[in-house]
file target-v3.csv (CSV, C-alpha atoms)
chain,number,residue,atom,x,y,z
A,68,MET,CA,107.5,199.1,54.7
A,69,ALA,CA,108.9,200.0,58.1
A,70,LEU,CA,106.9,199.0,61.2
A,71,ARG,CA,105.1,201.5,63.3
A,72,ILE,CA,106.5,200.7,66.8
A,73,ILE,CA,105.6,201.8,70.3
A,74,PHE,CA,108.8,201.4,72.4
A,75,MET,CA,108.4,200.8,76.2
A,76,GLY,CA,111.4,200.9,78.4
A,77,THR,CA,113.1,202.8,81.3
A,78,PRO,CA,116.7,202.1,82.3
A,79,ASP,CA,120.1,202.2,80.4
A,80,PHE,CA,119.6,198.5,79.5
A,81,SER,CA,116.7,199.5,77.2
A,82,VAL,CA,118.5,202.3,75.3
A,83,PRO,CA,120.5,200.2,72.8
A,84,THR,CA,117.3,198.5,71.6
A,85,LEU,CA,115.5,201.8,71.1
A,86,ALA,CA,118.5,203.0,69.1
A,87,ALA,CA,118.8,199.8,67.0
A,88,LEU,CA,115.1,200.0,66.0
A,89,ALA,CA,115.4,203.7,65.1
A,90,ASP,CA,118.6,202.9,63.1
A,91,ALA,CA,116.8,200.1,61.3
A,92,GLY,CA,114.4,202.7,59.8
A,93,HIS,CA,111.3,201.8,61.8
A,94,GLU,CA,108.9,204.5,62.7
A,95,ILE,CA,108.9,204.9,66.5
A,96,VAL,CA,105.6,206.6,67.0
A,97,ALA,CA,105.9,206.9,70.8
A,98,VAL,CA,108.0,205.9,73.7
A,99,TYR,CA,106.6,204.9,77.1
A,100,SER,CA,108.8,205.2,80.1
A,101,GLN,CA,108.6,205.5,83.9
A,102,PRO,CA,108.1,209.0,85.2
A,103,PRO,CA,111.1,211.1,86.4
A,104,ARG,CA,112.5,209.9,89.8
A,105,PRO,CA,114.2,211.8,92.6
A,106,ALA,CA,118.0,211.7,92.3
A,107,GLY,CA,121.1,213.4,93.7
A,108,ARG,CA,122.5,213.3,97.2
A,109,ARG,CA,119.4,214.8,98.7
A,110,GLY,CA,116.9,213.3,96.3
A,111,LEU,CA,115.6,216.7,95.5
A,112,GLU,CA,116.1,216.7,91.7
A,113,LEU,CA,113.7,214.8,89.4
A,114,VAL,CA,115.7,213.0,86.7
A,115,LYS,CA,114.2,211.6,83.5
A,116,SER,CA,114.9,208.0,82.8
A,117,PRO,CA,117.7,207.0,80.3
A,118,VAL,CA,115.1,205.9,77.8
A,119,HIS,CA,113.2,209.2,78.2
A,120,GLN,CA,116.4,211.2,77.6
A,121,ALA,CA,117.3,209.0,74.5
A,122,ALA,CA,113.8,209.5,73.1
A,123,GLU,CA,114.0,213.3,73.4
A,124,LEU,CA,117.3,213.2,71.5
A,125,LEU,CA,115.6,211.2,68.7
A,126,GLY,CA,112.6,213.6,68.7
A,127,ILE,CA,110.1,210.9,69.8
A,128,PRO,CA,107.2,211.9,72.1
A,129,VAL,CA,107.3,210.3,75.5
A,130,HIS,CA,104.3,209.0,77.5
A,131,MET,CA,104.5,208.3,81.3
A,132,PRO,CA,101.3,206.9,82.7
A,133,VAL,CA,101.6,205.8,86.3
A,134,ASN,CA,99.7,202.6,85.2
A,135,PHE,CA,97.2,201.6,82.6
A,136,ARG,CA,94.1,201.4,84.8
A,137,GLU,CA,92.6,204.6,83.3
A,138,GLU,CA,90.7,204.0,80.1
A,139,ALA,CA,92.1,207.3,78.8
A,140,ASP,CA,95.6,205.9,78.9
A,141,ARG,CA,94.5,202.7,77.2
A,142,ALA,CA,92.6,204.6,74.5
A,143,ALA,CA,95.7,206.9,73.9
A,144,PHE,CA,97.8,203.7,73.4
A,145,ARG,CA,95.4,202.3,70.9
A,146,ALA,CA,95.0,205.6,69.1
A,147,LEU,CA,98.7,205.5,68.1
A,148,ASP,CA,97.7,202.8,65.6
A,149,ALA,CA,101.0,201.0,65.9
A,150,ASP,CA,101.9,197.7,64.3
A,151,VAL,CA,103.7,196.4,67.4
A,152,ALA,CA,104.9,197.3,70.8
A,153,VAL,CA,108.5,196.5,71.9
A,154,VAL,CA,109.1,196.2,75.6
A,155,VAL,CA,112.5,196.1,77.3
A,156,ALA,CA,112.7,196.6,81.1
A,157,TYR,CA,109.7,198.9,81.2
A,158,GLY,CA,108.8,198.4,84.8
A,159,LEU,CA,105.0,198.0,84.6
A,160,ILE,CA,102.9,194.8,84.2
A,161,LEU,CA,100.9,195.3,81.1
A,162,PRO,CA,97.1,194.6,81.1
A,163,GLU,CA,95.4,192.6,78.3
A,164,ALA,CA,94.2,195.9,76.8
A,165,ILE,CA,97.8,196.9,76.1
A,166,LEU,CA,99.0,193.5,75.1
A,167,SER,CA,96.3,193.4,72.4
A,168,GLY,CA,96.4,197.2,71.7
A,169,THR,CA,98.6,196.9,68.5
A,170,ARG,CA,98.1,195.0,65.3
A,171,LEU,CA,100.8,192.4,65.9
A,172,GLY,CA,101.0,192.4,69.7
A,173,CYS,CA,103.8,193.1,72.2
A,174,TYR,CA,107.3,191.7,72.0
A,175,ASN,CA,109.7,191.6,75.0
A,176,GLY,CA,113.5,191.6,75.2
A,177,HIS,CA,114.2,189.4,78.2
A,178,ALA,CA,117.7,188.8,79.7
A,179,SER,CA,117.7,185.0,80.3
A,180,LEU,CA,117.3,181.7,78.6
A,181,LEU,CA,113.6,181.2,79.3
A,182,PRO,CA,112.0,179.4,81.0
A,183,ARG,CA,115.0,179.7,83.4
A,184,TRP,CA,115.0,183.0,85.3
A,185,ARG,CA,111.6,184.5,84.6
A,186,GLY,CA,111.0,187.7,86.5
A,187,ALA,CA,112.7,190.8,87.8
A,188,ALA,CA,116.4,190.0,88.3
A,189,PRO,CA,117.5,187.4,85.7
A,190,ILE,CA,121.1,188.8,85.3
A,191,GLN,CA,121.9,188.7,89.0
A,192,ARG,CA,120.2,185.4,89.7
A,193,ALA,CA,122.1,183.7,86.8
A,194,ILE,CA,125.5,184.7,88.2
A,195,MET,CA,124.5,184.0,91.8
A,196,ALA,CA,123.4,180.5,90.8
A,197,GLY,CA,126.7,179.8,89.1
A,198,ASP,CA,125.3,179.5,85.6
A,199,ASN,CA,127.9,179.4,82.8
A,200,GLU,CA,125.7,180.9,80.2
A,201,THR,CA,122.6,183.1,79.8
A,202,GLY,CA,121.3,185.1,76.9
A,203,MET,CA,118.7,187.5,75.4
A,204,MET,CA,115.4,186.3,74.1
A,205,VAL,CA,112.7,188.0,72.1
A,206,MET,CA,109.4,186.7,73.4
A,207,LYS,CA,105.8,187.5,72.4
A,208,MET,CA,104.1,188.7,75.5
A,209,ASP,CA,101.0,187.1,77.0
A,210,LYS,CA,99.2,187.6,80.4
A,211,GLY,CA,101.7,185.4,82.3
A,212,LEU,CA,105.0,186.5,83.8
A,213,ASP,CA,107.5,186.0,81.0
A,214,THR,CA,105.6,182.9,79.8
A,215,GLY,CA,105.0,183.8,76.2
A,216,PRO,CA,106.4,181.9,73.1
A,217,VAL,CA,110.0,182.7,72.1
A,218,ALA,CA,110.9,184.1,68.7
A,219,MET,CA,114.7,184.5,68.8
A,220,THR,CA,117.6,183.7,71.1
A,221,ARG,CA,121.2,185.0,71.5
A,222,ARG,CA,123.3,183.1,73.9
A,223,VAL,CA,126.0,184.8,76.0
A,224,ALA,CA,128.7,183.0,78.0
A,225,ILE,CA,129.2,183.9,81.7
A,226,GLY,CA,132.9,183.9,82.6
A,227,ASP,CA,134.1,182.7,86.0
A,228,THR,CA,134.9,186.3,87.2
A,229,MET,CA,132.2,188.2,85.3
A,230,THR,CA,130.1,190.5,87.4
A,231,ALA,CA,126.5,191.4,87.0
A,232,GLY,CA,127.5,194.8,85.7
A,233,GLU,CA,129.7,193.3,83.0
A,234,LEU,CA,127.0,190.8,82.0
A,235,HIS,CA,124.4,193.6,81.9
A,236,ASP,CA,126.5,195.5,79.4
A,237,LYS,CA,127.0,192.5,77.1
A,238,LEU,CA,123.4,191.6,77.2
A,239,MET,CA,122.0,195.0,76.5
A,240,GLN,CA,124.1,195.3,73.3
A,241,ALA,CA,123.1,191.8,72.2
A,242,GLY,CA,119.5,192.7,73.0
A,243,GLY,CA,119.4,195.7,70.7
A,244,THR,CA,120.8,193.7,67.7
A,245,LEU,CA,118.5,190.7,68.4
A,246,MET,CA,115.4,192.8,68.6
A,247,ALA,CA,116.2,194.6,65.3
A,248,GLU,CA,116.6,191.2,63.7
A,249,ALA,CA,113.3,190.0,65.1
A,250,MET,CA,111.4,193.1,63.9
A,251,ALA,CA,112.9,192.6,60.4
A,252,LYS,CA,111.5,189.1,60.4
A,253,LEU,CA,108.2,190.2,61.8
A,254,GLU,CA,107.9,192.9,59.1
A,255,ALA,CA,108.6,190.2,56.5
A,256,GLY,CA,106.0,187.8,58.1
A,257,ASP,CA,108.7,185.3,58.9
A,258,LEU,CA,109.2,185.5,62.7
A,259,PRO,CA,108.8,182.0,64.2
A,260,LEU,CA,107.2,181.5,67.7
A,261,THR,CA,108.1,178.5,69.8
A,262,PRO,CA,106.2,177.8,73.1
A,263,GLN,CA,108.5,177.7,76.2
A,264,ALA,CA,109.4,174.3,77.7
A,265,GLU,CA,107.3,173.3,80.7
A,266,ALA,CA,110.4,171.9,82.5
A,267,GLY,CA,113.2,174.0,84.0
A,268,VAL,CA,111.1,177.0,85.1
A,269,LEU,CA,112.9,179.2,87.7
A,270,TYR,CA,111.9,182.6,88.9
A,271,ALA,CA,114.4,185.5,89.3
A,272,ALA,CA,113.0,187.3,92.4
A,273,LYS,CA,113.9,190.9,92.9
A,274,ILE,CA,117.0,191.3,95.0
A,275,ASP,CA,116.1,191.9,98.6
A,276,LYS,CA,118.4,194.0,100.8
A,277,ALA,CA,118.3,191.3,103.4
A,278,GLU,CA,120.2,188.9,101.1
A,279,THR,CA,123.1,191.2,100.2
A,280,ARG,CA,125.2,190.5,103.3
A,281,ILE,CA,128.0,188.0,102.6
A,282,ASP,CA,127.8,184.8,104.5
A,283,PHE,CA,131.3,183.4,104.7
A,284,SER,CA,130.0,180.1,106.2
A,285,ARG,CA,128.7,179.2,102.7
A,286,PRO,CA,130.9,177.3,100.3
A,287,ALA,CA,133.6,179.5,98.7
A,288,ARG,CA,132.2,179.1,95.2
A,289,ASP,CA,128.8,180.3,96.4
A,290,VAL,CA,130.4,183.3,98.2
A,291,HIS,CA,132.3,184.3,95.1
A,292,ASN,CA,129.1,184.0,92.9
A,293,HIS,CA,127.2,186.0,95.5
A,294,ILE,CA,129.7,188.8,95.4
A,295,ARG,CA,129.9,189.1,91.6
A,296,GLY,CA,126.2,188.6,91.1
A,297,LEU,CA,125.5,191.7,93.2
A,298,SER,CA,128.3,193.9,91.7
A,299,PRO,CA,128.2,196.8,91.3
A,300,PHE,CA,124.7,197.2,92.6
A,301,PRO,CA,123.4,196.8,95.2
A,302,GLY,CA,126.7,195.3,96.3
A,303,ALA,CA,127.4,192.4,98.6
A,304,TRP,CA,128.9,193.5,102.0
A,305,PHE,CA,130.4,192.4,105.3
A,306,GLU,CA,131.1,194.3,108.5
A,307,LEU,CA,134.6,195.4,109.5
A,308,PRO,CA,135.6,197.2,112.7
A,309,ILE,CA,136.9,200.6,111.7
A,310,ALA,CA,137.8,203.2,114.3
A,311,GLY,CA,136.3,201.1,117.0
A,312,LYS,CA,132.9,200.6,115.4
A,313,PRO,CA,131.5,198.1,112.8
A,314,GLU,CA,131.1,199.6,109.3
A,315,ARG,CA,129.8,198.1,106.1
A,316,VAL,CA,132.3,197.3,103.4
A,317,LYS,CA,131.0,196.4,99.9
A,318,VAL,CA,133.0,193.8,97.9
A,319,LEU,CA,132.8,194.6,94.2
A,320,ALA,CA,135.2,191.9,92.9
A,321,SER,CA,136.5,188.7,94.2
A,322,ALA,CA,138.3,185.5,93.0
A,323,PHE,CA,137.7,181.9,94.0
A,324,ALA,CA,140.9,181.0,95.8
A,325,GLY,CA,140.2,177.3,96.1
A,326,GLU,CA,142.5,177.1,99.1
A,327,THR,CA,141.8,174.5,101.8
A,328,SER,CA,141.7,175.8,105.4
A,329,SER,CA,140.6,174.6,108.7
A,330,LYS,CA,140.1,178.2,110.0
A,331,THR,CA,136.8,179.5,111.1
A,332,ALA,CA,134.7,180.9,108.2
A,333,GLY,CA,135.4,184.6,107.8
A,334,THR,CA,139.0,184.4,109.0
A,335,VAL,CA,141.5,186.5,107.0
A,336,LEU,CA,144.1,184.1,105.9
A,337,ASP,CA,146.8,186.3,104.4
A,338,GLU,CA,147.8,189.9,103.6
A,339,ASN,CA,146.0,189.7,100.3
A,340,LEU,CA,142.6,189.6,101.9
A,341,THR,CA,141.9,185.9,101.3
A,342,VAL,CA,139.0,184.9,103.5
A,343,ALA,CA,138.2,181.4,104.7
A,344,CYS,CA,134.7,180.0,103.8
A,345,GLY,CA,132.5,177.3,105.2
A,346,ASP,CA,133.7,174.4,103.0
A,347,GLY,CA,137.4,174.8,103.7
A,348,GLY,CA,137.8,176.9,100.6
A,349,ALA,CA,138.5,180.6,100.4
A,350,VAL,CA,137.8,183.7,98.4
A,351,ARG,CA,140.1,186.6,97.7
A,352,LEU,CA,138.6,190.0,98.0
A,353,LEU,CA,139.9,192.2,95.1
A,354,ARG,CA,137.9,195.4,95.1
A,355,LEU,CA,136.2,197.0,98.1
A,356,GLN,CA,134.3,200.2,99.0
A,357,LYS,CA,133.6,201.7,102.4
A,358,ALA,CA,130.4,203.6,103.0
A,359,GLY,CA,130.7,207.0,101.4
A,360,GLY,CA,134.0,206.1,99.9
A,361,LYS,CA,135.2,205.3,96.4
A,362,PRO,CA,135.9,201.7,95.1
A,363,LEU,CA,139.5,200.7,95.8
A,364,ASP,CA,141.6,197.7,94.8
A,365,ALA,CA,142.4,195.6,97.8
A,366,ALA,CA,146.0,196.9,98.1
A,367,ASP,CA,144.9,200.5,98.2
A,368,PHE,CA,142.0,199.7,100.6
A,369,LEU,CA,144.5,198.0,103.0
A,370,HIS,CA,146.8,201.1,103.0
A,371,GLY,CA,144.0,203.1,104.6
A,372,THR,CA,142.2,200.4,106.4
A,373,PRO,CA,144.5,197.7,107.8
A,374,VAL,CA,143.0,194.2,108.3
A,375,ALA,CA,145.0,191.8,110.4
A,376,VAL,CA,145.7,188.2,109.3
A,377,GLY,CA,143.7,186.0,111.6
A,378,GLN,CA,140.9,188.6,112.1
A,379,VAL,CA,137.4,187.2,111.6
A,380,VAL,CA,135.1,189.3,109.4
A,381,ALA,CA,131.4,188.9,109.0

call {"tool": "encode", "arguments": {"input": "target-v3.csv", "output": "structure tokens"}}
result
Amino acid sequence: MALRIIFMGTPDFSVPTLAALADAGHEIVAVYSQPPRPAGRRGLELVKSPVHQAAELLGIPVHMPVNFREEADRAAFRALDADVAVVVAYGLILPEAILSGTRLGCYNGHASLLPRWRGAAPIQRAIMAGDNETGMMVMKMDKGLDTGPVAMTRRVAIGDTMTAGELHDKLMQAGGTLMAEAMAKLEAGDLPLTPQAEAGVLYAAKIDKAETRIDFSRPARDVHNHIRGLSPFPGAWFELPIAGKPERVKVLASAFAGETSSKTAGTVLDENLTVACGDGGAVRLLRLQKAGGKPLDAADFLHGTPVAVGQVVA
């Protein structure tokens, strides 16, 4: 018999898991997602979340409580009489009443190799830290922050030039397949649960705007990881004088140049936008975007915005 599933998710990252569960023949009795948010250039249009839109295409009813503090919302959840809830990037902390509100509990698809990178931004933090692998995990949720026992794991390598956007796309596809496999095992009564290790816990704090500026005084490898870990969003940036005033320029792709230089950190070393870093190494800036402009490869960027060799950027 197929499981009766409540699916809880909001962004694009969650959609492949919803689709995989539906394709596997489970009965998705309801979807929970964040309410529509302002979008567009002026923020005047309310746009439904990607999961909300996917649910409507599948003909699944959507619930959008602001939180679960109201007893009416908790009662409505229990009244769905679901076997299990599946949670992928929903965006709300679930109270005990929801965690225990289905027959078999709540299972979360989390984008890290727990207990490393618990929390809000595991994809970005893994790249920014220079990790060479991460993964998707299916975890049974408890009252802690990503502390529950792990059921299944799918490892994903992180390439030297992989950006957060590229890793995001790999993990969201892996996550859909993995969750479908986990629910098949749960349905058969054969899903193992292993407590997380107590050692190696790291927290993936939400990305703060204050940490997005590029600090070229750091080692070149760290600068490169910082750039790709924040690409494409929110984007690492530096300031460049344009038309006599400093403007922010995002860097969406870079390469570790590995060149030794005695130049001041931030010095442009050549006509290919290789920039000196604090350890004598350098990074090459490959793709850039001015405020209000479109992303450009370095050569195209330099045609419209010359940057002199020897100039110091920060």

call {"tool": "atom_distance", "arguments": {"input": "target-v3.csv", "atom1": "CA of Ala303 in chain A", "atom2": "CA of Ala187 in chain A"}}
result
18.3 Å

call {"tool": "atom_distance", "arguments": {"input": "target-v3.csv", "atom1": "CA of Ala91 in chain A", "atom2": "CA of Leu125 in chain A"}}
result
13.4 Å

call {"tool": "residues_near_point", "arguments": {"input": "target-v3.csv", "point": "(114.1, 191.1, 92.8)", "cutoff": "12 Å", "atoms": "only C-alpha atoms", "output": "PDB file with C-alpha atoms, keeping the file's coordinate frame"}}
result
ATOM      1  CA  TRP A 184     115.000 183.000  85.300  1.00  0.00           C
ATOM      2  CA  ARG A 185     111.600 184.500  84.600  1.00  0.00           C
ATOM      3  CA  GLY A 186     111.000 187.700  86.500  1.00  0.00           C
ATOM      4  CA  ALA A 187     112.700 190.800  87.800  1.00  0.00           C
ATOM      5  CA  ALA A 188     116.400 190.000  88.300  1.00  0.00           C
ATOM      6  CA  PRO A 189     117.500 187.400  85.700  1.00  0.00           C
ATOM      7  CA  ILE A 190     121.100 188.800  85.300  1.00  0.00           C
ATOM      8  CA  GLN A 191     121.900 188.700  89.000  1.00  0.00           C
ATOM      9  CA  ARG A 192     120.200 185.400  89.700  1.00  0.00           C
ATOM     10  CA  TYR A 270     111.900 182.600  88.900  1.00  0.00           C
ATOM     11  CA  ALA A 271     114.400 185.500  89.300  1.00  0.00           C
ATOM     12  CA  ALA A 272     113.000 187.300  92.400  1.00  0.00           C
ATOM     13  CA  LYS A 273     113.900 190.900  92.900  1.00  0.00           C
ATOM     14  CA  ILE A 274     117.000 191.300  95.000  1.00  0.00           C
ATOM     15  CA  ASP A 275     116.100 191.900  98.600  1.00  0.00           C
ATOM     16  CA  LYS A 276     118.400 194.000 100.800  1.00  0.00           C
ATOM     17  CA  ALA A 277     118.300 191.300 103.400  1.00  0.00           C
ATOM     18  CA  GLU A 278     120.200 188.900 101.100  1.00  0.00           C
ATOM     19  CA  THR A 279     123.100 191.200 100.200  1.00  0.00           C
ATOM     20  CA  LEU A 297     125.500 191.700  93.200  1.00  0.00           C
ATOM     21  CA  PRO A 301     123.400 196.800  95.200  1.00  0.00           C
TER      22      PRO A 301
END

call {"tool": "residues_around", "arguments": {"input": "target-v3.csv", "residues": "Phe144 in chain A", "least_positions_apart": "6", "cutoff": "10 Å", "atoms": "only C-alpha atoms", "output": "PyMOL selection string"}}
result
chain A and resi 73+97+99+130+135+138+152+164-165+168-169

call {"tool": "atom_distance", "arguments": {"input": "target-v3.csv", "atom1": "CA of Ala87 in chain A", "atom2": "CA of Ala255 in chain A"}}
result
17.5 Å

call {"tool": "closest_residue", "arguments": {"input": "target-v3.csv", "among": "A:Arg315, A:Lys330, A:Arg295, A:Lys237", "to": "Ala358 in chain A", "atoms": "all atoms listed in the file"}}
result
A:Arg315

call {"tool": "closest_residue", "arguments": {"input": "target-v3.csv", "among": "A:Met229, A:Met203, A:Leu253, A:Ala143", "to": "Phe80 in chain A", "atoms": "only C-alpha atoms"}}
result
A:Met203

call {"tool": "residues_around", "arguments": {"input": "target-v3.csv", "residues": "Asp150 in chain A", "least_positions_apart": "4", "cutoff": "12 Å", "atoms": "all atoms listed in the file", "output": "ChimeraX atom specification"}}
result
/A:68-74,93-97,144-146,166-174,250,253-254

call {"tool": "residues_near_point", "arguments": {"input": "target-v3.csv", "point": "(140.5, 183.8, 111.3)", "cutoff": "7 Å", "atoms": "all atoms listed in the file", "output": "NGL selection string"}}
result
:A and (330-331 or 333-336 or 377-379)

call {"tool": "write_last_selection", "arguments": {"input": "target-v3.csv", "atoms": "C-alpha atoms", "output": "PDB file, keeping the file's coordinate frame"}}
result
ATOM      1  CA  LYS A 330     140.100 178.200 110.000  1.00  0.00           C
ATOM      2  CA  THR A 331     136.800 179.500 111.100  1.00  0.00           C
ATOM      3  CA  GLY A 333     135.400 184.600 107.800  1.00  0.00           C
ATOM      4  CA  THR A 334     139.000 184.400 109.000  1.00  0.00           C
ATOM      5  CA  VAL A 335     141.500 186.500 107.000  1.00  0.00           C
ATOM      6  CA  LEU A 336     144.100 184.100 105.900  1.00  0.00           C
ATOM      7  CA  GLY A 377     143.700 186.000 111.600  1.00  0.00           C
ATOM      8  CA  GLN A 378     140.900 188.600 112.100  1.00  0.00           C
ATOM      9  CA  VAL A 379     137.400 187.200 111.600  1.00  0.00           C
TER      10      VAL A 379
END

call {"tool": "residues_around", "arguments": {"input": "target-v3.csv", "residues": "Thr84 in chain A", "least_positions_apart": "4", "cutoff": "8 Å", "atoms": "only C-alpha atoms", "output": "JSON, numbers by chain"}}
result
{"A": [88, 155, 239, 240, 242, 243, 244, 246, 247]}

call {"tool": "residues_around", "arguments": {"input": "target-v3.csv", "residues": "Arg351 in chain A", "least_positions_apart": "6", "cutoff": "7 Å", "atoms": "all atoms listed in the file", "output": "VMD selection string"}}
result
chain A and resid 321 to 324 340 to 342

call {"tool": "closest_residue", "arguments": {"input": "target-v3.csv", "among": "A:Arg136, A:Arg104, A:Lys317, A:Arg280", "to": "Arg354 in chain A", "atoms": "only C-alpha atoms"}}
result
A:Lys317

call {"tool": "residues_around", "arguments": {"input": "target-v3.csv", "residues": "Val316 in chain A", "least_positions_apart": "5", "cutoff": "7 Å", "atoms": "only C-alpha atoms", "output": "list of chain:residue names"}}
result
A:Trp304, A:Phe305, A:Glu306, A:Leu307, A:Leu355, A:Gln356, A:Lys357, A:Ala358

call {"tool": "write_last_selection", "arguments": {"input": "target-v3.csv", "atoms": "C-alpha atoms", "output": "PDB file, in the frame of the given file"}}
result
ATOM      1  CA  TRP A 304     128.900 193.500 102.000  1.00  0.00           C
ATOM      2  CA  PHE A 305     130.400 192.400 105.300  1.00  0.00           C
ATOM      3  CA  GLU A 306     131.100 194.300 108.500  1.00  0.00           C
ATOM      4  CA  LEU A 307     134.600 195.400 109.500  1.00  0.00           C
ATOM      5  CA  LEU A 355     136.200 197.000  98.100  1.00  0.00           C
ATOM      6  CA  GLN A 356     134.300 200.200  99.000  1.00  0.00           C
ATOM      7  CA  LYS A 357     133.600 201.700 102.400  1.00  0.00           C
ATOM      8  CA  ALA A 358     130.400 203.600 103.000  1.00  0.00           C
TER       9      ALA A 358
END
